[in-house]
Amino acid sequence: MAMRDYYNIDDILAGQERVPCVLQVDLDGLGSSGSGTASKVHRNARWALPYWMADRLDEEDYVNMEASSLFAKRTTRMYATSPGRIQLRAICQYYYQFGMQLGNVVPDISLVLRNMYMRRILRVAHVAQQGHNVEALEFVQGLDKTELRMLKLCQQEQSAAADWQQNKAYTLKKASAISP
């Protein structure tokens, strides 16, 4: 089972992404026969379940969870060729968090995510320092939630550095014990 923060809303939302699963047991009453009555779902049927559910059912051996198409070898090779051009928000808003949750399903996913993140974060820092233009705006619109958080932190630190250079960062005030 992947380590998730129970109270972190981003982890909860990342767990909503669907993953392909293969049923390992026959289930009565979960299928649809088309006439409105429940039917039997047979073993080896393929379902796409939310990750949070599939992970637990995989632990109990009810399903066999497979790698999401977001992290298939072919897809990750495509991402590796030009990571700066990928619109992660369109693919999955919680791409990195979802990828880390799939750590036990997809081999070497942490290495793929790390390489992609390190290549993209340089551009995020550059956009934060240089301001916005049309090209930067398109890039920012494609960032996932993790990258957006990093962009905001970079922008805050950039403005804090400017304040420090202009001696606006800190002001000295008299202590209340000294004031008459």
# chains A, B, ... in the order shown; residues from 1 in each chain; ligands from 1
>>> select_by_dssp(residues="chain A", states="strand (DSSP E)", output="list of chain:residue names")
A:Arg18, A:Val19, A:Pro20, A:Cys21, A:Val22, A:Leu23, A:Leu27, A:Asp28, A:Gly29, A:Leu30, A:Gly31, A:Ser32, A:Ala38, A:Ser39, A:Lys40, A:Val41, A:Arg46, A:Trp47, A:Ala48, A:Leu49, A:Pro50, A:Val63, A:Asn64, A:Met65
>>> write_last_selection(atoms="N, CA, C and O atoms", output="mmCIF file, in the first residue's frame")
data_model
loop_
_atom_site.group_PDB
_atom_site.id
_atom_site.type_symbol
_atom_site.label_atom_id
_atom_site.label_comp_id
_atom_site.auth_asym_id
_atom_site.auth_seq_id
_atom_site.Cartn_x
_atom_site.Cartn_y
_atom_site.Cartn_z
ATOM 1 N N ARG A 18 -7.972 6.847 -12.125
ATOM 2 C CA ARG A 18 -8.331 5.445 -12.372
ATOM 3 C C ARG A 18 -7.138 4.650 -12.883
ATOM 4 O O ARG A 18 -6.330 5.160 -13.644
ATOM 5 N N VAL A 19 -7.062 3.399 -12.429
ATOM 6 C CA VAL A 19 -6.025 2.475 -12.878
ATOM 7 C C VAL A 19 -6.690 1.209 -13.401
ATOM 8 O O VAL A 19 -7.738 0.790 -12.893
ATOM 9 N N PRO A 20 -6.109 0.588 -14.414
ATOM 10 C CA PRO A 20 -6.687 -0.654 -14.939
ATOM 11 C C PRO A 20 -6.455 -1.808 -13.968
ATOM 12 O O PRO A 20 -5.395 -1.930 -13.364
ATOM 13 N N CYS A 21 -7.467 -2.638 -13.812
ATOM 14 C CA CYS A 21 -7.398 -3.780 -12.904
ATOM 15 C C CYS A 21 -7.994 -5.006 -13.588
ATOM 16 O O CYS A 21 -8.876 -4.885 -14.436
ATOM 17 N N VAL A 22 -7.509 -6.166 -13.185
ATOM 18 C CA VAL A 22 -8.061 -7.437 -13.655
ATOM 19 C C VAL A 22 -8.646 -8.135 -12.439
ATOM 20 O O VAL A 22 -7.963 -8.332 -11.435
ATOM 21 N N LEU A 23 -9.912 -8.489 -12.532
ATOM 22 C CA LEU A 23 -10.613 -9.140 -11.437
ATOM 23 C C LEU A 23 -10.049 -10.543 -11.203
ATOM 24 O O LEU A 23 -9.854 -11.298 -12.154
ATOM 25 N N LEU A 27 -17.676 -12.182 -9.074
ATOM 26 C CA LEU A 27 -18.499 -11.361 -8.189
ATOM 27 C C LEU A 27 -19.949 -11.422 -8.644
ATOM 28 O O LEU A 27 -20.253 -11.173 -9.810
ATOM 29 N N ASP A 28 -20.834 -11.741 -7.719
ATOM 30 C CA ASP A 28 -22.262 -11.783 -8.017
ATOM 31 C C ASP A 28 -22.885 -10.428 -7.737
ATOM 32 O O ASP A 28 -22.590 -9.788 -6.742
ATOM 33 N N GLY A 29 -23.784 -10.004 -8.614
ATOM 34 C CA GLY A 29 -24.591 -8.814 -8.374
ATOM 35 C C GLY A 29 -23.931 -7.493 -8.700
ATOM 36 O O GLY A 29 -24.503 -6.457 -8.408
ATOM 37 N N LEU A 30 -22.750 -7.479 -9.292
ATOM 38 C CA LEU A 30 -22.103 -6.206 -9.609
ATOM 39 C C LEU A 30 -22.168 -5.848 -11.083
ATOM 40 O O LEU A 30 -21.871 -4.738 -11.466
ATOM 41 N N GLY A 31 -22.538 -6.780 -11.906
ATOM 42 C CA GLY A 31 -22.605 -6.521 -13.342
ATOM 43 C C GLY A 31 -23.960 -6.016 -13.746
ATOM 44 O O GLY A 31 -24.884 -5.916 -12.949
ATOM 45 N N SER A 32 -24.097 -5.694 -15.008
ATOM 46 C CA SER A 32 -25.365 -5.240 -15.548
ATOM 47 C C SER A 32 -25.681 -6.072 -16.778
ATOM 48 O O SER A 32 -24.874 -6.188 -17.684
ATOM 49 N N ALA A 38 -29.120 -7.280 -11.876
ATOM 50 C CA ALA A 38 -27.695 -7.484 -11.626
ATOM 51 C C ALA A 38 -27.283 -8.861 -12.126
ATOM 52 O O ALA A 38 -28.047 -9.818 -12.078
ATOM 53 N N SER A 39 -26.074 -8.942 -12.615
ATOM 54 C CA SER A 39 -25.561 -10.216 -13.089
ATOM 55 C C SER A 39 -24.179 -10.469 -12.490
ATOM 56 O O SER A 39 -23.658 -9.647 -11.745
ATOM 57 N N LYS A 40 -23.599 -11.558 -12.861
ATOM 58 C CA LYS A 40 -22.309 -11.969 -12.338
ATOM 59 C C LYS A 40 -21.179 -11.361 -13.165
ATOM 60 O O LYS A 40 -21.258 -11.309 -14.392
ATOM 61 N N VAL A 41 -20.146 -10.874 -12.487
ATOM 62 C CA VAL A 41 -18.941 -10.401 -13.158
ATOM 63 C C VAL A 41 -17.903 -11.502 -12.982
ATOM 64 O O VAL A 41 -17.611 -11.923 -11.866
ATOM 65 N N ARG A 46 -11.835 -6.949 -16.962
ATOM 66 C CA ARG A 46 -11.001 -5.756 -16.805
ATOM 67 C C ARG A 46 -11.876 -4.577 -16.364
ATOM 68 O O ARG A 46 -12.910 -4.325 -16.963
ATOM 69 N N TRP A 47 -11.425 -3.905 -15.334
ATOM 70 C CA TRP A 47 -12.121 -2.732 -14.811
ATOM 71 C C TRP A 47 -11.121 -1.609 -14.603
ATOM 72 O O TRP A 47 -9.968 -1.847 -14.268
ATOM 73 N N ALA A 48 -11.589 -0.379 -14.716
ATOM 74 C CA ALA A 48 -10.796 0.784 -14.341
ATOM 75 C C ALA A 48 -11.384 1.308 -13.038
ATOM 76 O O ALA A 48 -12.532 1.730 -12.999
ATOM 77 N N LEU A 49 -10.608 1.219 -11.982
ATOM 78 C CA LEU A 49 -11.068 1.628 -10.651
ATOM 79 C C LEU A 49 -10.247 2.810 -10.155
ATOM 80 O O LEU A 49 -9.080 2.963 -10.527
ATOM 81 N N PRO A 50 -10.831 3.646 -9.277
ATOM 82 C CA PRO A 50 -10.023 4.698 -8.650
ATOM 83 C C PRO A 50 -8.866 4.051 -7.885
ATOM 84 O O PRO A 50 -9.022 2.984 -7.289
ATOM 85 N N VAL A 63 -8.363 -8.019 -6.904
ATOM 86 C CA VAL A 63 -7.995 -7.555 -8.237
ATOM 87 C C VAL A 63 -6.477 -7.571 -8.367
ATOM 88 O O VAL A 63 -5.751 -7.589 -7.372
ATOM 89 N N ASN A 64 -6.029 -7.548 -9.603
ATOM 90 C CA ASN A 64 -4.615 -7.372 -9.891
ATOM 91 C C ASN A 64 -4.483 -6.009 -10.554
ATOM 92 O O ASN A 64 -4.954 -5.815 -11.667
ATOM 93 N N MET A 65 -3.862 -5.068 -9.849
ATOM 94 C CA MET A 65 -3.741 -3.711 -10.358
ATOM 95 C C MET A 65 -2.594 -3.650 -11.368
ATOM 96 O O MET A 65 -1.532 -4.214 -11.145
#
>>> residues_around(residues="Ser82 in chain A", least_positions_apart="5", cutoff="12 Å", atoms="only C-alpha atoms", output="PDB file with all heavy atoms, in the first residue's frame")
ATOM      1  N   THR A  75       4.814   5.758 -22.912  1.00  0.00           N
ATOM      2  CA  THR A  75       4.426   7.113 -22.529  1.00  0.00           C
ATOM      3  C   THR A  75       5.569   7.822 -21.823  1.00  0.00           C
ATOM      4  O   THR A  75       5.858   8.984 -22.117  1.00  0.00           O
ATOM      5  CB  THR A  75       3.188   7.073 -21.612  1.00  0.00           C
ATOM      6  OG1 THR A  75       2.202   6.249 -22.209  1.00  0.00           O
ATOM      7  CG2 THR A  75       2.632   8.444 -21.382  1.00  0.00           C
ATOM      8  N   THR A  76       6.231   7.142 -20.900  1.00  0.00           N
ATOM      9  CA  THR A  76       7.320   7.786 -20.164  1.00  0.00           C
ATOM     10  C   THR A  76       8.505   8.086 -21.078  1.00  0.00           C
ATOM     11  O   THR A  76       9.197   9.075 -20.876  1.00  0.00           O
ATOM     12  CB  THR A  76       7.771   6.934 -18.962  1.00  0.00           C
ATOM     13  OG1 THR A  76       8.103   5.621 -19.397  1.00  0.00           O
ATOM     14  CG2 THR A  76       6.701   6.871 -17.906  1.00  0.00           C
ATOM     15  N   ARG A  77       8.744   7.253 -22.081  1.00  0.00           N
ATOM     16  CA  ARG A  77       9.799   7.552 -23.061  1.00  0.00           C
ATOM     17  C   ARG A  77       9.444   8.819 -23.840  1.00  0.00           C
ATOM     18  O   ARG A  77      10.308   9.639 -24.127  1.00  0.00           O
ATOM     19  CB  ARG A  77      10.014   6.376 -24.017  1.00  0.00           C
ATOM     20  CG  ARG A  77      11.058   5.406 -23.494  1.00  0.00           C
ATOM     21  CD  ARG A  77      11.402   4.363 -24.528  1.00  0.00           C
ATOM     22  NE  ARG A  77      10.702   3.145 -24.126  1.00  0.00           N
ATOM     23  CZ  ARG A  77       9.948   2.404 -24.901  1.00  0.00           C
ATOM     24  NH1 ARG A  77       9.796   2.683 -26.166  1.00  0.00           N
ATOM     25  NH2 ARG A  77       9.344   1.339 -24.431  1.00  0.00           N
ATOM     26  N   GLN A  87       1.929  19.181 -21.432  1.00  0.00           N
ATOM     27  CA  GLN A  87       0.913  19.863 -20.643  1.00  0.00           C
ATOM     28  C   GLN A  87       0.424  18.884 -19.564  1.00  0.00           C
ATOM     29  O   GLN A  87      -0.567  18.198 -19.740  1.00  0.00           O
ATOM     30  CB  GLN A  87      -0.247  20.296 -21.540  1.00  0.00           C
ATOM     31  CG  GLN A  87       0.135  21.285 -22.615  1.00  0.00           C
ATOM     32  CD  GLN A  87       0.326  22.678 -22.047  1.00  0.00           C
ATOM     33  OE1 GLN A  87      -0.399  23.105 -21.152  1.00  0.00           O
ATOM     34  NE2 GLN A  87       1.321  23.372 -22.549  1.00  0.00           N
ATOM     35  N   ASN A 115      13.592  12.540 -12.846  1.00  0.00           N
ATOM     36  CA  ASN A 115      14.231  13.113 -14.029  1.00  0.00           C
ATOM     37  C   ASN A 115      13.339  14.146 -14.703  1.00  0.00           C
ATOM     38  O   ASN A 115      13.801  15.219 -15.101  1.00  0.00           O
ATOM     39  CB  ASN A 115      14.611  12.015 -15.021  1.00  0.00           C
ATOM     40  CG  ASN A 115      15.754  11.174 -14.520  1.00  0.00           C
ATOM     41  OD1 ASN A 115      16.517  11.596 -13.655  1.00  0.00           O
ATOM     42  ND2 ASN A 115      15.866   9.969 -15.041  1.00  0.00           N
ATOM     43  N   MET A 116      12.079  13.822 -14.810  1.00  0.00           N
ATOM     44  CA  MET A 116      11.146  14.757 -15.445  1.00  0.00           C
ATOM     45  C   MET A 116      11.009  16.029 -14.607  1.00  0.00           C
ATOM     46  O   MET A 116      11.031  17.142 -15.139  1.00  0.00           O
ATOM     47  CB  MET A 116       9.794  14.097 -15.634  1.00  0.00           C
ATOM     48  CG  MET A 116       8.815  14.929 -16.400  1.00  0.00           C
ATOM     49  SD  MET A 116       7.386  13.921 -16.770  1.00  0.00           S
ATOM     50  CE  MET A 116       6.420  15.081 -17.655  1.00  0.00           C
ATOM     51  N   TYR A 117      10.868  15.867 -13.311  1.00  0.00           N
ATOM     52  CA  TYR A 117      10.709  17.010 -12.420  1.00  0.00           C
ATOM     53  C   TYR A 117      11.944  17.912 -12.462  1.00  0.00           C
ATOM     54  O   TYR A 117      11.824  19.130 -12.559  1.00  0.00           O
ATOM     55  CB  TYR A 117      10.453  16.517 -10.988  1.00  0.00           C
ATOM     56  CG  TYR A 117      10.170  17.632 -10.014  1.00  0.00           C
ATOM     57  CD1 TYR A 117       8.933  18.254  -9.999  1.00  0.00           C
ATOM     58  CD2 TYR A 117      11.139  18.057  -9.114  1.00  0.00           C
ATOM     59  CE1 TYR A 117       8.664  19.276  -9.106  1.00  0.00           C
ATOM     60  CE2 TYR A 117      10.880  19.076  -8.226  1.00  0.00           C
ATOM     61  CZ  TYR A 117       9.646  19.681  -8.222  1.00  0.00           C
ATOM     62  OH  TYR A 117       9.389  20.700  -7.347  1.00  0.00           O
ATOM     63  N   ARG A 119      14.117  18.313 -14.814  1.00  0.00           N
ATOM     64  CA  ARG A 119      14.230  19.011 -16.096  1.00  0.00           C
ATOM     65  C   ARG A 119      13.182  20.125 -16.210  1.00  0.00           C
ATOM     66  O   ARG A 119      13.454  21.168 -16.795  1.00  0.00           O
ATOM     67  CB  ARG A 119      14.111  18.029 -17.243  1.00  0.00           C
ATOM     68  CG  ARG A 119      15.361  17.139 -17.329  1.00  0.00           C
ATOM     69  CD  ARG A 119      15.307  16.126 -18.403  1.00  0.00           C
ATOM     70  NE  ARG A 119      15.319  16.735 -19.729  1.00  0.00           N
ATOM     71  CZ  ARG A 119      15.163  16.027 -20.840  1.00  0.00           C
ATOM     72  NH1 ARG A 119      14.998  14.719 -20.779  1.00  0.00           N
ATOM     73  NH2 ARG A 119      15.173  16.629 -22.004  1.00  0.00           N
ATOM     74  N   ARG A 120      12.011  19.913 -15.659  1.00  0.00           N
ATOM     75  CA  ARG A 120      10.951  20.920 -15.756  1.00  0.00           C
ATOM     76  C   ARG A 120      11.108  22.024 -14.712  1.00  0.00           C
ATOM     77  O   ARG A 120      10.731  23.168 -14.963  1.00  0.00           O
ATOM     78  CB  ARG A 120       9.583  20.260 -15.614  1.00  0.00           C
ATOM     79  CG  ARG A 120       9.188  19.445 -16.837  1.00  0.00           C
ATOM     80  CD  ARG A 120       7.887  18.711 -16.624  1.00  0.00           C
ATOM     81  NE  ARG A 120       6.760  19.564 -16.388  1.00  0.00           N
ATOM     82  CZ  ARG A 120       5.915  20.017 -17.312  1.00  0.00           C
ATOM     83  NH1 ARG A 120       6.103  19.694 -18.572  1.00  0.00           N
ATOM     84  NH2 ARG A 120       4.894  20.781 -16.992  1.00  0.00           N
TER      85      ARG A 120
END
>>> residues_around(residues="Leu70 in chain A", least_positions_apart="6", cutoff="12 Å", atoms="only C-alpha atoms", output="list of chain:residue names")
A:Glu17, A:Arg18, A:Val19, A:Pro20, A:Thr76, A:Arg77, A:Met78, A:Tyr79, A:Leu88, A:Ala90, A:Ile91, A:Cys92, A:Gln93, A:Tyr94, A:Tyr95, A:Tyr96, A:Phe98, A:Gly99, A:Leu102, A:Val106, A:Ile109, A:Val112, A:Leu113
>>> residues_around(residues="Tyr62 in chain A", least_positions_apart="3", cutoff="8 Å", atoms="only C-alpha atoms", output="JSON list (two decimals) with N, CA, C and O atoms, in the first residue's frame")
[["chain", "number", "residue", "atom", "x", "y", "z"],
["A", 23, "LEU", "N", -9.91, -8.49, -12.53],
["A", 23, "LEU", "CA", -10.61, -9.14, -11.44],
["A", 23, "LEU", "C", -10.05, -10.54, -11.20],
["A", 23, "LEU", "O", -9.85, -11.30, -12.15],
["A", 24, "GLN", "N", -9.80, -10.90, -9.96],
["A", 24, "GLN", "CA", -9.22, -12.20, -9.63],
["A", 24, "GLN", "C", -10.25, -13.20, -9.10],
["A", 24, "GLN", "O", -9.94, -14.37, -8.90],
["A", 25, "VAL", "N", -11.47, -12.74, -8.86],
["A", 25, "VAL", "CA", -12.54, -13.59, -8.34],
["A", 25, "VAL", "C", -13.84, -13.29, -9.09],
["A", 25, "VAL", "O", -13.98, -12.25, -9.71],
["A", 57, "LEU", "N", -8.10, -3.26, -2.82],
["A", 57, "LEU", "CA", -8.57, -4.54, -3.38],
["A", 57, "LEU", "C", -7.41, -5.39, -3.86],
["A", 57, "LEU", "O", -7.47, -6.62, -3.79],
["A", 58, "ASP", "N", -6.35, -4.75, -4.32],
["A", 58, "ASP", "CA", -5.15, -5.48, -4.73],
["A", 58, "ASP", "C", -4.47, -6.12, -3.53],
["A", 58, "ASP", "O", -3.99, -7.25, -3.61],
["A", 59, "GLU", "N", -4.45, -5.41, -2.42],
["A", 59, "GLU", "CA", -3.90, -5.96, -1.17],
["A", 59, "GLU", "C", -4.64, -7.22, -0.74],
["A", 59, "GLU", "O", -4.05, -8.16, -0.22]]
>>> closest_residue(among="A:Gln97, A:Val105, A:Ala67, A:Ala177", to="Asn8 in chain A", atoms="only C-alpha atoms")
A:Gln97
>>> atom_distance(atom1="CA of Gln158 in chain A", atom2="CA of Gly142 in chain A")
21.6 Å
>>> atom_distance(atom1="CA of Asn44 in chain A", atom2="CA of Ser110 in chain A")
29.1 Å
>>> atom_distance(atom1="CA of Ala128 in chain A", atom2="CA of Leu148 in chain A")
10.5 Å
>>> closest_residue(among="A:Leu111, A:Ala80, A:Ile86, A:Ala160", to="Val140 in chain A", atoms="only C-alpha atoms")
A:Ile86
>>> select_by_dssp(residues="range 53-132 of chain A", states="alpha helix (DSSP H)", output="number ranges by chain")
A: 53-59, 73-81, 88-91, 95-101, 109-130
>>> closest_atom_pairs(of="range 71-157 of chain A", to="range 161-169 of chain A", cutoff="10 Å", atoms="only C-alpha atoms", output="JSON lines")
{"residue": "A:Gln155", "atom": "CA", "partner": "A:Ala161", "partner_atom": "CA", "distance": 9.8}
{"residue": "A:Gln156", "atom": "CA", "partner": "A:Ala161", "partner_atom": "CA", "distance": 8.6}
{"residue": "A:Glu157", "atom": "CA", "partner": "A:Ala161", "partner_atom": "CA", "distance": 6.0}
